[in-house]
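So this one's run10.pdb, PDB, C-alpha atoms:
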ATOM      1  CA  ASN A   1       0.000   0.000   0.000  1.00  0.00           C
ATOM      2  CA  ALA A   2       1.475   3.315  -1.072  1.00  0.00           C
ATOM      3  CA  GLY A   3      -0.755   5.489   1.145  1.00  0.00           C
ATOM      4  CA  VAL A   4       0.298   9.117   0.699  1.00  0.00           C
ATOM      5  CA  THR A   5       3.243   9.856  -1.553  1.00  0.00           C
ATOM      6  CA  GLN A   6       4.972  13.218  -1.820  1.00  0.00           C
ATOM      7  CA  THR A   7       7.253  14.281  -4.636  1.00  0.00           C
ATOM      8  CA  PRO A   8      10.016  15.443  -4.397  1.00  0.00           C
ATOM      9  CA  LYS A   9      11.542  14.580  -1.012  1.00  0.00           C
ATOM     10  CA  PHE A  10      14.174  17.318  -1.128  1.00  0.00           C
ATOM     11  CA  ARG A  11      14.542  20.504  -3.133  1.00  0.00           C
ATOM     12  CA  VAL A  12      16.674  23.611  -3.126  1.00  0.00           C
ATOM     13  CA  LEU A  13      15.293  26.691  -4.854  1.00  0.00           C
ATOM     14  CA  LYS A  14      16.651  30.104  -5.529  1.00  0.00           C
ATOM     15  CA  THR A  15      14.636  33.100  -4.407  1.00  0.00           C
ATOM     16  CA  GLY A  16      12.041  33.926  -7.028  1.00  0.00           C
ATOM     17  CA  GLN A  17      11.919  30.478  -8.603  1.00  0.00           C
ATOM     18  CA  SER A  18       8.701  28.546  -8.801  1.00  0.00           C
ATOM     19  CA  MET A  19       7.947  24.927  -8.100  1.00  0.00           C
ATOM     20  CA  THR A  20       5.118  22.482  -7.527  1.00  0.00           C
ATOM     21  CA  LEU A  21       4.937  19.835  -4.856  1.00  0.00           C
ATOM     22  CA  LEU A  22       2.863  16.816  -5.727  1.00  0.00           C
ATOM     23  CA  CYS A  23       0.863  14.747  -3.273  1.00  0.00           C
ATOM     24  CA  ALA A  24      -0.854  11.541  -4.324  1.00  0.00           C
ATOM     25  CA  GLN A  25      -3.039   9.235  -2.239  1.00  0.00           C
ATOM     26  CA  ASP A  26      -4.516   5.890  -3.169  1.00  0.00           C
ATOM     27  CA  MET A  27      -7.063   5.530  -0.364  1.00  0.00           C
ATOM     28  CA  ASN A  28      -9.939   7.336  -2.078  1.00  0.00           C
ATOM     29  CA  HIS A  29      -9.975   9.972   0.663  1.00  0.00           C
ATOM     30  CA  GLU A  30     -12.029  13.091   0.190  1.00  0.00           C
ATOM     31  CA  TYR A  31      -9.950  15.391   2.375  1.00  0.00           C
ATOM     32  CA  MET A  32      -6.399  16.376   1.603  1.00  0.00           C
ATOM     33  CA  TYR A  33      -4.175  18.849   3.419  1.00  0.00           C
ATOM     34  CA  TRP A  34      -0.888  20.670   3.042  1.00  0.00           C
ATOM     35  CA  TYR A  35       1.021  21.603   6.202  1.00  0.00           C
ATOM     36  CA  ARG A  36       4.334  23.228   6.819  1.00  0.00           C
ATOM     37  CA  GLN A  37       6.480  22.386   9.804  1.00  0.00           C
ATOM     38  CA  ASP A  38       8.915  24.888  11.259  1.00  0.00           C
ATOM     39  CA  PRO A  39      10.908  24.588  14.490  1.00  0.00           C
ATOM     40  CA  GLY A  40       8.772  25.470  17.501  1.00  0.00           C
ATOM     41  CA  MET A  41       5.697  26.107  15.369  1.00  0.00           C
ATOM     42  CA  GLY A  42       4.232  22.650  15.036  1.00  0.00           C
ATOM     43  CA  LEU A  43       2.322  21.857  11.868  1.00  0.00           C
ATOM     44  CA  ARG A  44       0.500  24.782  10.354  1.00  0.00           C
ATOM     45  CA  LEU A  45      -2.195  24.281   7.780  1.00  0.00           C
ATOM     46  CA  ILE A  46      -1.514  25.995   4.453  1.00  0.00           C
ATOM     47  CA  HIS A  47      -4.457  24.888   2.315  1.00  0.00           C
ATOM     48  CA  TYR A  48      -6.808  21.989   2.290  1.00  0.00           C
ATOM     49  CA  SER A  49      -9.376  20.383   0.029  1.00  0.00           C
ATOM     50  CA  VAL A  50     -12.648  18.708   0.878  1.00  0.00           C
ATOM     51  CA  GLY A  51     -13.024  17.072  -2.496  1.00  0.00           C
ATOM     52  CA  GLU A  52     -12.101  17.110  -6.151  1.00  0.00           C
ATOM     53  CA  GLY A  53     -12.237  20.597  -7.580  1.00  0.00           C
ATOM     54  CA  THR A  54     -12.457  22.355  -4.205  1.00  0.00           C
ATOM     55  CA  THR A  55      -9.801  24.067  -2.120  1.00  0.00           C
ATOM     56  CA  ALA A  56      -9.814  26.249   0.980  1.00  0.00           C
ATOM     57  CA  LYS A  57      -7.326  28.401   2.833  1.00  0.00           C
ATOM     58  CA  GLY A  58      -5.790  27.300   6.074  1.00  0.00           C
ATOM     59  CA  GLU A  59      -3.825  29.217   8.667  1.00  0.00           C
ATOM     60  CA  VAL A  60      -0.869  30.315   6.502  1.00  0.00           C
ATOM     61  CA  PRO A  61      -1.958  30.405   2.844  1.00  0.00           C
ATOM     62  CA  ASP A  62      -0.032  33.457   1.605  1.00  0.00           C
ATOM     63  CA  GLY A  63       2.540  32.745  -1.069  1.00  0.00           C
ATOM     64  CA  TYR A  64       1.049  29.356  -1.961  1.00  0.00           C
ATOM     65  CA  ASN A  65      -1.541  28.092  -4.394  1.00  0.00           C
ATOM     66  CA  VAL A  66      -3.136  24.678  -4.640  1.00  0.00           C
ATOM     67  CA  SER A  67      -5.169  22.632  -7.055  1.00  0.00           C
ATOM     68  CA  ARG A  68      -7.198  19.436  -6.758  1.00  0.00           C
ATOM     69  CA  LEU A  69      -8.055  18.508 -10.335  1.00  0.00           C
ATOM     70  CA  LYS A  70      -8.178  14.821  -9.530  1.00  0.00           C
ATOM     71  CA  LYS A  71      -9.397  13.292  -6.296  1.00  0.00           C
ATOM     72  CA  GLN A  72      -6.165  11.436  -5.708  1.00  0.00           C
ATOM     73  CA  ASN A  73      -3.824  14.388  -6.270  1.00  0.00           C
ATOM     74  CA  PHE A  74      -3.297  17.634  -4.394  1.00  0.00           C
ATOM     75  CA  LEU A  75      -0.703  20.049  -5.747  1.00  0.00           C
ATOM     76  CA  LEU A  76       1.010  22.817  -3.808  1.00  0.00           C
ATOM     77  CA  GLY A  77       2.580  25.602  -5.834  1.00  0.00           C
ATOM     78  CA  LEU A  78       5.054  28.289  -4.952  1.00  0.00           C
ATOM     79  CA  GLU A  79       4.968  30.951  -7.659  1.00  0.00           C
ATOM     80  CA  SER A  80       7.914  33.017  -6.409  1.00  0.00           C
ATOM     81  CA  ALA A  81       9.815  31.283  -3.642  1.00  0.00           C
ATOM     82  CA  ALA A  82      11.079  33.280  -0.670  1.00  0.00           C
ATOM     83  CA  PRO A  83      13.554  32.280   2.056  1.00  0.00           C
ATOM     84  CA  SER A  84      10.651  32.399   4.554  1.00  0.00           C
ATOM     85  CA  GLN A  85       9.204  29.398   2.740  1.00  0.00           C
ATOM     86  CA  THR A  86      12.136  27.229   3.744  1.00  0.00           C
ATOM     87  CA  SER A  87      10.395  24.479   5.665  1.00  0.00           C
ATOM     88  CA  VAL A  88       9.369  20.853   5.745  1.00  0.00           C
ATOM     89  CA  TYR A  89       6.088  20.335   3.925  1.00  0.00           C
ATOM     90  CA  PHE A  90       3.716  17.525   4.760  1.00  0.00           C
ATOM     91  CA  CYS A  91       0.760  16.353   2.788  1.00  0.00           C
ATOM     92  CA  ALA A  92      -2.019  14.372   4.439  1.00  0.00           C
ATOM     93  CA  SER A  93      -5.334  12.818   3.548  1.00  0.00           C
ATOM     94  CA  SER A  94      -8.263  11.577   5.573  1.00  0.00           C
ATOM     95  CA  TYR A  95     -11.689  10.050   5.308  1.00  0.00           C
ATOM     96  CA  ASP A  96     -13.738  12.884   6.643  1.00  0.00           C
ATOM     97  CA  THR A  97     -17.514  12.862   6.449  1.00  0.00           C
ATOM     98  CA  THR A  98     -20.115  13.372   9.118  1.00  0.00           C
ATOM     99  CA  PRO A  99     -20.340  11.533  11.395  1.00  0.00           C
ATOM    100  CA  GLY A 100     -17.177   9.581  10.873  1.00  0.00           C
ATOM    101  CA  ALA A 101     -13.589  10.621  10.470  1.00  0.00           C
ATOM    102  CA  THR A 102     -10.378   8.674  10.313  1.00  0.00           C
ATOM    103  CA  GLU A 103      -7.015   9.863  11.350  1.00  0.00           C
ATOM    104  CA  ALA A 104      -4.994  11.762   8.787  1.00  0.00           C
ATOM    105  CA  PHE A 105      -2.438   9.733   6.867  1.00  0.00           C
ATOM    106  CA  PHE A 106       0.750  11.634   6.186  1.00  0.00           C
ATOM    107  CA  GLY A 107       3.326  11.595   3.464  1.00  0.00           C
ATOM    108  CA  GLN A 108       7.033  11.397   4.238  1.00  0.00           C
ATOM    109  CA  GLY A 109       7.539  15.119   3.922  1.00  0.00           C
ATOM    110  CA  THR A 110       9.396  17.406   1.507  1.00  0.00           C
ATOM    111  CA  ARG A 111      12.346  19.381   2.785  1.00  0.00           C
ATOM    112  CA  LEU A 112      12.466  22.651   0.844  1.00  0.00           C
ATOM    113  CA  THR A 113      15.262  25.159   1.140  1.00  0.00           C
ATOM    114  CA  VAL A 114      15.039  28.557  -0.518  1.00  0.00           C
ATOM    115  CA  VAL A 115      18.354  30.372  -0.861  1.00  0.00           C
TER     116      VAL A 115
ATOM    117  CA  ALA B 116     -12.091  28.871  15.490  1.00  0.00           C
ATOM    118  CA  GLN B 117     -10.360  25.852  16.891  1.00  0.00           C
ATOM    119  CA  LYS B 118      -7.101  25.797  18.810  1.00  0.00           C
ATOM    120  CA  VAL B 119      -4.812  23.224  20.354  1.00  0.00           C
ATOM    121  CA  THR B 120      -2.371  24.140  23.099  1.00  0.00           C
ATOM    122  CA  GLN B 121       0.532  21.993  24.178  1.00  0.00           C
ATOM    123  CA  ALA B 122       2.053  24.080  26.921  1.00  0.00           C
ATOM    124  CA  GLN B 123       5.091  21.857  27.417  1.00  0.00           C
ATOM    125  CA  THR B 124       7.651  22.648  24.754  1.00  0.00           C
ATOM    126  CA  GLU B 125      10.283  20.175  25.925  1.00  0.00           C
ATOM    127  CA  ILE B 126      10.379  17.488  28.598  1.00  0.00           C
ATOM    128  CA  SER B 127      13.306  15.368  29.719  1.00  0.00           C
ATOM    129  CA  VAL B 128      12.898  12.256  31.826  1.00  0.00           C
ATOM    130  CA  VAL B 129      15.137   9.452  32.911  1.00  0.00           C
ATOM    131  CA  GLU B 130      14.371   6.049  31.460  1.00  0.00           C
ATOM    132  CA  LYS B 131      11.648   4.126  33.317  1.00  0.00           C
ATOM    133  CA  GLU B 132      10.048   7.283  34.656  1.00  0.00           C
ATOM    134  CA  ASP B 133       6.405   8.009  33.836  1.00  0.00           C
ATOM    135  CA  VAL B 134       5.650  11.148  31.870  1.00  0.00           C
ATOM    136  CA  THR B 135       2.439  12.988  30.971  1.00  0.00           C
ATOM    137  CA  LEU B 136       2.084  15.221  27.948  1.00  0.00           C
ATOM    138  CA  ASP B 137      -0.641  17.827  28.217  1.00  0.00           C
ATOM    139  CA  CYS B 138      -3.083  18.884  25.522  1.00  0.00           C
ATOM    140  CA  VAL B 139      -5.816  21.499  25.874  1.00  0.00           C
ATOM    141  CA  TYR B 140      -8.157  22.283  23.018  1.00  0.00           C
ATOM    142  CA  GLU B 141     -10.767  24.859  22.085  1.00  0.00           C
ATOM    143  CA  THR B 142     -13.692  24.334  19.750  1.00  0.00           C
ATOM    144  CA  ARG B 143     -17.323  25.371  19.457  1.00  0.00           C
ATOM    145  CA  ASP B 144     -18.155  22.132  17.716  1.00  0.00           C
ATOM    146  CA  THR B 145     -20.123  19.549  19.701  1.00  0.00           C
ATOM    147  CA  THR B 146     -18.835  16.675  17.585  1.00  0.00           C
ATOM    148  CA  TYR B 147     -15.102  16.601  17.188  1.00  0.00           C
ATOM    149  CA  TYR B 148     -12.142  14.259  17.110  1.00  0.00           C
ATOM    150  CA  LEU B 149      -8.865  14.392  18.952  1.00  0.00           C
ATOM    151  CA  PHE B 150      -5.637  12.720  17.888  1.00  0.00           C
ATOM    152  CA  TRP B 151      -2.110  12.132  19.071  1.00  0.00           C
ATOM    153  CA  TYR B 152       0.787  11.698  16.682  1.00  0.00           C
ATOM    154  CA  LYS B 153       4.413  10.830  17.285  1.00  0.00           C
ATOM    155  CA  GLN B 154       7.252  12.239  15.197  1.00  0.00           C
ATOM    156  CA  PRO B 155      10.495  10.352  15.842  1.00  0.00           C
ATOM    157  CA  PRO B 156      13.863  11.821  14.801  1.00  0.00           C
ATOM    158  CA  SER B 157      13.454  10.186  11.394  1.00  0.00           C
ATOM    159  CA  GLY B 158      10.719  12.731  10.677  1.00  0.00           C
ATOM    160  CA  GLU B 159       7.635  10.733   9.748  1.00  0.00           C
ATOM    161  CA  LEU B 160       4.337  11.274  11.549  1.00  0.00           C
ATOM    162  CA  VAL B 161       3.024   8.193  13.307  1.00  0.00           C
ATOM    163  CA  PHE B 162      -0.619   8.025  14.324  1.00  0.00           C
ATOM    164  CA  LEU B 163      -1.178   6.930  17.928  1.00  0.00           C
ATOM    165  CA  ILE B 164      -4.821   7.399  18.840  1.00  0.00           C
ATOM    166  CA  ARG B 165      -8.147   8.885  17.780  1.00  0.00           C
ATOM    167  CA  ARG B 166     -10.885   9.823  20.209  1.00  0.00           C
ATOM    168  CA  ASN B 167     -14.304  11.272  19.380  1.00  0.00           C
ATOM    169  CA  SER B 168     -16.037  13.791  21.590  1.00  0.00           C
ATOM    170  CA  PHE B 169     -18.748  11.384  22.711  1.00  0.00           C
ATOM    171  CA  ASP B 170     -16.377   8.815  24.093  1.00  0.00           C
ATOM    172  CA  GLU B 171     -14.808   9.938  27.350  1.00  0.00           C
ATOM    173  CA  GLN B 172     -13.509   6.547  28.336  1.00  0.00           C
ATOM    174  CA  ASN B 173      -9.833   6.535  29.064  1.00  0.00           C
ATOM    175  CA  GLU B 174      -7.781   4.254  26.899  1.00  0.00           C
ATOM    176  CA  ILE B 175      -4.710   2.185  27.586  1.00  0.00           C
ATOM    177  CA  SER B 176      -2.489   0.622  24.973  1.00  0.00           C
ATOM    178  CA  GLY B 177       0.539  -1.058  26.444  1.00  0.00           C
ATOM    179  CA  ARG B 178       2.642   1.631  28.125  1.00  0.00           C
ATOM    180  CA  TYR B 179       0.508   4.393  26.614  1.00  0.00           C
ATOM    181  CA  SER B 180      -2.652   5.779  28.149  1.00  0.00           C
ATOM    182  CA  TRP B 181      -4.888   8.708  27.365  1.00  0.00           C
ATOM    183  CA  ASN B 182      -7.105  10.759  29.669  1.00  0.00           C
ATOM    184  CA  PHE B 183      -9.904  12.647  27.893  1.00  0.00           C
ATOM    185  CA  GLN B 184     -11.840  15.149  30.011  1.00  0.00           C
ATOM    186  CA  LYS B 185     -14.438  17.280  28.243  1.00  0.00           C
ATOM    187  CA  SER B 186     -15.054  19.333  31.388  1.00  0.00           C
ATOM    188  CA  THR B 187     -11.541  20.739  31.169  1.00  0.00           C
ATOM    189  CA  SER B 188     -11.130  20.384  27.376  1.00  0.00           C
ATOM    190  CA  SER B 189      -8.063  18.256  27.865  1.00  0.00           C
ATOM    191  CA  PHE B 190      -6.712  15.128  26.220  1.00  0.00           C
ATOM    192  CA  ASN B 191      -3.544  14.174  28.060  1.00  0.00           C
ATOM    193  CA  PHE B 192      -1.148  11.415  27.114  1.00  0.00           C
ATOM    194  CA  THR B 193       0.850   9.373  29.616  1.00  0.00           C
ATOM    195  CA  ILE B 194       3.777   7.099  28.895  1.00  0.00           C
ATOM    196  CA  THR B 195       4.499   4.645  31.692  1.00  0.00           C
ATOM    197  CA  ALA B 196       8.015   3.334  32.256  1.00  0.00           C
ATOM    198  CA  SER B 197       9.459   5.470  29.484  1.00  0.00           C
ATOM    199  CA  GLN B 198      12.085   4.084  27.123  1.00  0.00           C
ATOM    200  CA  VAL B 199      14.717   5.727  24.962  1.00  0.00           C
ATOM    201  CA  VAL B 200      12.676   4.802  21.868  1.00  0.00           C
ATOM    202  CA  ASP B 201       9.915   7.076  23.159  1.00  0.00           C
ATOM    203  CA  SER B 202      12.131  10.086  22.462  1.00  0.00           C
ATOM    204  CA  ALA B 203      10.242  12.077  19.834  1.00  0.00           C
ATOM    205  CA  VAL B 204       8.070  15.093  19.268  1.00  0.00           C
ATOM    206  CA  TYR B 205       4.448  14.401  20.148  1.00  0.00           C
ATOM    207  CA  PHE B 206       1.600  16.320  18.562  1.00  0.00           C
ATOM    208  CA  CYS B 207      -1.974  16.652  19.698  1.00  0.00           C
ATOM    209  CA  ALA B 208      -4.525  17.499  16.988  1.00  0.00           C
ATOM    210  CA  LEU B 209      -8.193  18.479  16.778  1.00  0.00           C
ATOM    211  CA  ARG B 210     -10.599  17.871  13.912  1.00  0.00           C
ATOM    212  CA  SER B 211     -13.665  20.058  14.126  1.00  0.00           C
ATOM    213  CA  TYR B 212     -16.056  22.024  11.994  1.00  0.00           C
ATOM    214  CA  SER B 213     -14.492  25.126  10.494  1.00  0.00           C
ATOM    215  CA  GLY B 214     -17.529  26.576   8.747  1.00  0.00           C
ATOM    216  CA  ALA B 215     -18.609  26.615   5.098  1.00  0.00           C
ATOM    217  CA  GLY B 216     -19.345  22.906   5.239  1.00  0.00           C
ATOM    218  CA  SER B 217     -15.855  21.691   5.928  1.00  0.00           C
ATOM    219  CA  TYR B 218     -13.657  20.453   8.710  1.00  0.00           C
ATOM    220  CA  GLN B 219     -10.124  21.386   9.638  1.00  0.00           C
ATOM    221  CA  LEU B 220      -7.424  19.393  11.324  1.00  0.00           C
ATOM    222  CA  THR B 221      -5.488  21.670  13.674  1.00  0.00           C
ATOM    223  CA  PHE B 222      -2.266  20.711  15.419  1.00  0.00           C
ATOM    224  CA  GLY B 223      -0.608  21.897  18.573  1.00  0.00           C
ATOM    225  CA  LYS B 224       3.008  23.047  18.484  1.00  0.00           C
ATOM    226  CA  GLY B 225       4.235  19.754  19.820  1.00  0.00           C
ATOM    227  CA  THR B 226       6.105  18.555  22.885  1.00  0.00           C
ATOM    228  CA  LYS B 227       9.634  17.273  22.456  1.00  0.00           C
ATOM    229  CA  LEU B 228      10.237  14.356  24.789  1.00  0.00           C
ATOM    230  CA  SER B 229      13.772  13.250  25.541  1.00  0.00           C
ATOM    231  CA  VAL B 230      14.226  10.026  27.464  1.00  0.00           C
ATOM    232  CA  ILE B 231      17.688   9.795  28.978  1.00  0.00           C
ATOM    233  CA  PRO B 232      19.172   6.333  29.501  1.00  0.00           C
TER     234      PRO B 232
END

Would you put the structure from the file into structure tokens?
Amino acid sequence: NAGVTQTPKFRVLKTGQSMTLLCAQDMNHEYMYWYRQDPGMGLRLIHYSVGEGTTAKGEVPDGYNVSRLKKQNFLLGLESAAPSQTSVYFCASSYDTTPGATEAFFGQGTRLTVV
Amino acid sequence: AQKVTQAQTEISVVEKEDVTLDCVYETRDTTYYLFWYKQPPSGELVFLIRRNSFDEQNEISGRYSWNFQKSTSSFNFTITASQVVDSAVYFCALRSYSGAGSYQLTFGKGTKLSVIP
């Protein structure tokens, strides 16, 4: 079982460059999330999606865009990378409908450095 | 809005000691879920437990136990007879209604546990 797969695992960008992080899940989950993890800050929600074709802003959405064109994929884009976006990015998915909800299943993380 | 507070940033214990990690949450939702995750030094996030708001029974799984108290909005995690392998960052998380027909999963800032041999 692949679960949640993030691509790439590591990346170094120059300030101003753009890139897209890909998250794929094979569990047919409706909900998908992008988080960033910074020292002492825990996991902060960037954007999330409650289903194919829908996205919503989380706690720290500025500087990022997302798309959910297919149910199994959730893309996170950085149009013009800044050093403040140096972080570890985690994608997650969950089965999330009233009344039930599973735990979120996480990818392995992407370590992004912007120089 | 929902919020999760883990007041303990770092804890150090000597092996075989018991340790409790605190988690306090805020939500206006009446139906919500609480979770604990472990993040070992290798970096992956490992799911430990899920608890829904209607089930206040405490749970024990081996050396791990959880105390859920709605009256104080707390979901504390205790490790009995700690081991070096328990050294990790532990996150508490809350899934509750965020408005506009959707739910959010909100994490605390984490507690770094160091178990000293």

Can you pull out every residue within 8 Å of Val12 in chain A, counting only C-alpha atoms, but drop anything in the same chain fewer than 3 positions away, and send it as JSON, numbers by chain? {"A": [112, 113, 114, 115]}

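Residue list for chain B within 9 Å of chain A: B:Thr124, B:Thr146, B:Tyr148, B:Phe150, B:Gly158, B:Glu159, B:Leu160, B:Val161, B:Phe162, B:Ile164, B:Arg165, B:Asn167, B:Phe206, B:Arg210, B:Ser217, B:Tyr218, B:Gln219, B:Leu220, B:Thr221, B:Phe222, B:Gly223, B:Lys224, B:Gly225, counting only C-alpha atoms.
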
Within 8 Å of Ser127 in chain B, counting only C-alpha atoms, which residues show up once you throw out same-chain ones fewer than 4 positions away? Write them as a PDB file with C-alpha atoms, in the coordinates of the input, please.
ATOM      1  CA  LEU B 228      10.237  14.356  24.789  1.00  0.00           C
ATOM      2  CA  SER B 229      13.772  13.250  25.541  1.00  0.00           C
ATOM      3  CA  VAL B 230      14.226  10.026  27.464  1.00  0.00           C
ATOM      4  CA  ILE B 231      17.688   9.795  28.978  1.00  0.00           C
TER       5      ILE B 231
END

Expand the PyMOL selection byres ((chain B and resi 156) around 10) into the explicit residue set it covers here, and present it as a PyMOL selection string. chain B and resi 153-155+157-159+202-204

Result set of the PyMOL selection byres ((chain A and resi 11) around 12) on the coordinates above, as a PDB file with C-alpha atoms, keeping the file's coordinate frame:
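File written: part-v7.pdb
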ATOM      1  CA  THR A   7       7.253  14.281  -4.636  1.00  0.00           C
ATOM      2  CA  PRO A   8      10.016  15.443  -4.397  1.00  0.00           C
ATOM      3  CA  LYS A   9      11.542  14.580  -1.012  1.00  0.00           C
ATOM      4  CA  PHE A  10      14.174  17.318  -1.128  1.00  0.00           C
ATOM      5  CA  VAL A  12      16.674  23.611  -3.126  1.00  0.00           C
ATOM      6  CA  LEU A  13      15.293  26.691  -4.854  1.00  0.00           C
ATOM      7  CA  LYS A  14      16.651  30.104  -5.529  1.00  0.00           C
ATOM      8  CA  GLN A  17      11.919  30.478  -8.603  1.00  0.00           C
ATOM      9  CA  SER A  18       8.701  28.546  -8.801  1.00  0.00           C
ATOM     10  CA  MET A  19       7.947  24.927  -8.100  1.00  0.00           C
ATOM     11  CA  THR A  20       5.118  22.482  -7.527  1.00  0.00           C
ATOM     12  CA  LEU A  21       4.937  19.835  -4.856  1.00  0.00           C
ATOM     13  CA  ALA A  81       9.815  31.283  -3.642  1.00  0.00           C
ATOM     14  CA  GLN A  85       9.204  29.398   2.740  1.00  0.00           C
ATOM     15  CA  THR A  86      12.136  27.229   3.744  1.00  0.00           C
ATOM     16  CA  SER A  87      10.395  24.479   5.665  1.00  0.00           C
ATOM     17  CA  VAL A  88       9.369  20.853   5.745  1.00  0.00           C
ATOM     18  CA  TYR A  89       6.088  20.335   3.925  1.00  0.00           C
ATOM     19  CA  GLY A 109       7.539  15.119   3.922  1.00  0.00           C
ATOM     20  CA  THR A 110       9.396  17.406   1.507  1.00  0.00           C
ATOM     21  CA  ARG A 111      12.346  19.381   2.785  1.00  0.00           C
ATOM     22  CA  LEU A 112      12.466  22.651   0.844  1.00  0.00           C
ATOM     23  CA  THR A 113      15.262  25.159   1.140  1.00  0.00           C
ATOM     24  CA  VAL A 114      15.039  28.557  -0.518  1.00  0.00           C
ATOM     25  CA  VAL A 115      18.354  30.372  -0.861  1.00  0.00           C
TER      26      VAL A 115
END

May I ask which of the residues B:Ala208, B:Ala122, B:Val139, B:Leu163 is the closest one to Phe183 in chain B, counting all atoms listed in the file? B:Val139

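Using all atoms listed in the file, the nearest neighbour of Leu78 in chain A within the list A:Thr55, A:Met32, A:Ser93, A:Tyr64 is A:Tyr64.
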
Spell out the residues picked by the PyMOL selection byres ((chain B and resi 130) around 10) here, as a PyMOL selection string. chain B and resi 127-129+131-133+195-201+229-232

Distance of CA of Glu79 in chain A from CA of Gly216 in chain B, expressed in Å to one decimal place: 28.7 Å

Give me, please, the distance in Å between CA of Gln184 in chain B and CA of Gln172 in chain B, quoted to one decimal.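 CA of Gln172 in chain B lies at a distance of 8.9 Å from CA of Gln184 in chain B.
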
Separation of CA of Tyr140 in chain B from CA of Lys57 in chain A, in Å and rounded to one decimal: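 Rounded to one decimal, the two atoms are 21.1 Å apart.
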
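Closest approach to Val66 in chain A among A:His29, A:Thr54, A:Ala92, A:Gly16 is made by A:Thr54 (distances from all atoms listed in the file).
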
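For the set B:Cys207, B:Leu149, B:Ala116, B:Ile194, the residue with the smallest atom-to-atom gap to Val134 in chain B is B:Ile194, counting all atoms listed in the file.
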
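The neighbours of Phe192 in chain B here are the residues that come within 10 Å of it, using only C-alpha atoms and leaving out any residue fewer than 3 positions away in the same chain; they are Val134, Thr135, Leu136, Asp137, Cys138, Trp151, Ile164, Glu174, Ile175, Tyr179, Ser180, Trp181, Asn182, Phe183, Ser189, Thr195, Tyr205 and Cys207 of chain B.
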
To box range 38-41 of chain A, take all atoms listed in the file, fit an axis-aligned box, add 8 Å on each side, and give centre and edge lengths in Å to one decimal, as JSON.
{"center_x": 8.3, "center_y": 25.3, "center_z": 14.4, "size_x": 21.2, "size_y": 17.5, "size_z": 22.2}

Distance criterion (only C-alpha atoms): nearest to Cys91 in chain A out of A:Asn65, A:Val60, A:Glu52, A:Asn73: A:Asn73

Which is closer to Ala2 in chain A than all the others in A:Asp26, A:Thr15, A:Ile46, A:Ser80, using all atoms listed in the file? A:Asp26
